[in-house]
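Asks: Sharing coords22.cif here; it has mmCIF, C-alpha atoms.
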```cif
data_structure
loop_
_atom_site.label_atom_id
_atom_site.label_comp_id
_atom_site.auth_asym_id
_atom_site.auth_seq_id
_atom_site.Cartn_x
_atom_site.Cartn_y
_atom_site.Cartn_z
CA MET A 89 0.00 0.00 0.00
CA HIS A 90 1.19 3.47 -0.85
CA LYS A 91 2.44 5.26 2.30
CA LYS A 92 0.77 8.54 1.33
CA LEU A 93 -2.59 6.76 0.98
CA LYS A 94 -2.58 5.09 4.39
CA THR A 95 -3.59 7.88 6.73
CA GLU A 96 -5.94 8.19 9.66
CA ALA A 97 -8.38 10.11 7.47
CA VAL A 98 -8.44 7.38 4.80
CA ASP A 99 -8.80 4.71 7.51
CA HIS A 100 -11.75 6.67 8.91
CA LEU A 101 -13.37 6.91 5.46
CA PHE A 102 -12.95 3.18 4.79
CA LYS A 103 -14.40 2.37 8.21
CA ALA A 104 -17.43 4.48 7.30
CA ILE A 105 -17.81 2.76 3.92
CA LEU A 106 -17.68 -0.65 5.59
CA THR A 107 -20.77 0.28 7.63
CA LEU A 108 -22.91 0.56 4.49
CA GLU A 109 -25.28 -2.38 4.12
CA THR A 110 -27.36 -1.79 0.99
CA LYS A 111 -27.02 -0.31 -2.46
CA GLU A 112 -29.44 2.45 -1.41
CA GLU A 113 -27.22 3.29 1.58
CA CYS A 114 -24.28 3.49 -0.82
CA TYR A 115 -26.21 5.90 -3.05
CA THR A 116 -27.13 8.06 -0.05
CA PHE A 117 -23.58 8.19 1.33
CA PHE A 118 -21.69 8.58 -1.94
CA GLU A 119 -24.06 11.24 -3.27
CA ASP A 120 -23.17 13.28 -0.17
CA LEU A 121 -19.46 12.42 -0.32
CA CYS A 122 -18.71 12.77 -4.02
CA THR A 123 -19.64 15.08 -6.83
CA VAL A 124 -21.65 13.49 -9.61
CA ASN A 125 -18.58 13.59 -11.87
CA GLU A 126 -16.36 11.92 -9.25
CA LEU A 127 -18.82 9.10 -8.78
CA LEU A 128 -19.30 8.68 -12.53
CA SER A 129 -15.50 8.57 -12.99
CA LEU A 130 -15.14 5.85 -10.36
CA SER A 131 -17.94 3.80 -11.89
CA GLN A 132 -16.46 4.29 -15.36
CA ARG A 133 -13.09 2.94 -14.20
CA PHE A 134 -14.78 -0.08 -12.64
CA GLU A 135 -16.68 -0.74 -15.88
CA VAL A 136 -13.42 -0.42 -17.83
CA ALA A 137 -11.78 -2.96 -15.51
CA THR A 138 -14.72 -5.32 -15.96
CA MET A 139 -14.50 -5.06 -19.73
CA LEU A 140 -10.71 -5.50 -19.78
CA THR A 141 -11.10 -8.61 -17.64
CA ASN A 142 -13.60 -9.86 -20.23
CA HIS A 143 -10.97 -9.31 -22.97
CA LYS A 144 -12.71 -6.40 -24.69
CA THR A 145 -10.59 -4.17 -26.92
CA TYR A 146 -9.70 -0.58 -26.08
CA LEU A 147 -11.96 0.52 -28.96
CA GLU A 148 -14.94 -1.46 -27.66
CA ILE A 149 -14.35 -0.10 -24.15
CA ALA A 150 -13.99 3.50 -25.31
CA GLU A 151 -17.16 3.28 -27.41
CA ARG A 152 -19.24 1.74 -24.63
CA THR A 153 -17.95 3.72 -21.64
CA GLY A 154 -16.71 6.96 -23.15
CA ALA A 155 -13.40 6.44 -21.33
CA SER A 156 -10.27 7.86 -22.89
CA THR A 157 -7.47 5.55 -23.96
CA ALA A 158 -5.39 7.09 -21.14
CA THR A 159 -8.00 6.01 -18.58
CA ILE A 160 -8.26 2.55 -20.12
CA SER A 161 -4.47 2.22 -20.06
CA ARG A 162 -4.29 3.35 -16.41
CA VAL A 163 -6.92 0.78 -15.40
CA ASN A 164 -5.12 -1.89 -17.42
CA ARG A 165 -1.88 -1.09 -15.55
CA SER A 166 -3.72 -1.51 -12.26
CA LEU A 167 -5.09 -4.86 -13.39
CA ASN A 168 -1.65 -6.07 -14.46
CA TYR A 169 0.65 -4.48 -11.90
CA GLY A 170 -1.59 -3.27 -9.07
CA ASN A 171 -2.56 -4.78 -5.74
CA ASP A 172 -5.15 -7.23 -7.18
CA GLY A 173 -8.00 -5.22 -5.68
CA TYR A 174 -10.11 -5.51 -8.81
CA GLU A 175 -9.59 -9.28 -8.94
CA MET A 176 -10.57 -9.64 -5.28
CA VAL A 177 -13.81 -7.75 -5.84
CA PHE A 178 -14.62 -9.54 -9.10
CA ALA A 179 -14.16 -12.93 -7.40
CA ARG A 180 -16.44 -11.92 -4.53
CA MET A 181 -19.07 -10.60 -6.94
CA LYS A 182 -19.09 -13.97 -8.75
CA GLU A 183 -19.85 -15.68 -5.45
CA GLU A 184 -23.05 -13.67 -4.96
#
```
Rewrite the structure of this file - the entire thing - as structure tokens.
Replies:
Amino acid sequence: MHKKLKTEAVDHLFKAILTLETKEECYTFFEDLCTVNELLSLSQRFEVATMLTNHKTYLEIAERTGASTATISRVNRSLNYGNDGYEMVFARMKEE
């Protein structure tokens, strides 16, 4: 984990997120926490990661999500060289 990321404030935020129990609670909290554009950017990156995992091309991803090639490339780097956070979540989502 990046040293600059692990702070008391980030720990406090993650603790708050872990208290959320439903999708509606997530909407309520994140609509207060984030701007619409921030939330749409996060969801776009997650959709890009999903599509990359499903072996979609950059062109298909850009057309469907509106993501730039720079964003797609950044997400792809995270999938290939990151902390496996996407993979962990994808595996848990399959279990549901």
Asks: For the file shown, what are the residues hit by the PyMOL selection byres ((chain A and resi 163-177) around 8), laid out as a count of residues only?
Replies: 13
Asks: What does the distance between atom CA of A:Lys111 and atom CA of A:Phe134 come to in Å, to one decimal place?
Replies: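 For atom CA of A:Lys111 relative to atom CA of A:Phe134, the distance reads 15.9 Å.
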Asks: Between atom CA of A:Thr138 and atom CA of A:Leu93, measure the distance and give it in Å to one decimal.
Replies: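 One can read the atom CA of A:Thr138 to atom CA of A:Leu93 distance as 24.1 Å.
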Asks: Separation of atom CA of A:Leu106 and atom CA of A:Thr141, in Å?
Replies: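 That distance, rounded to one decimal, is 25.4 Å.
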Asks: Please enumerate the residues selected by the PyMOL selection byres ((chain A and resi 149) around 10) when evaluated against the supplied file, formatted as a PyMOL selection string.
Replies: chain A and resi 135-140+143-148+150-157+160
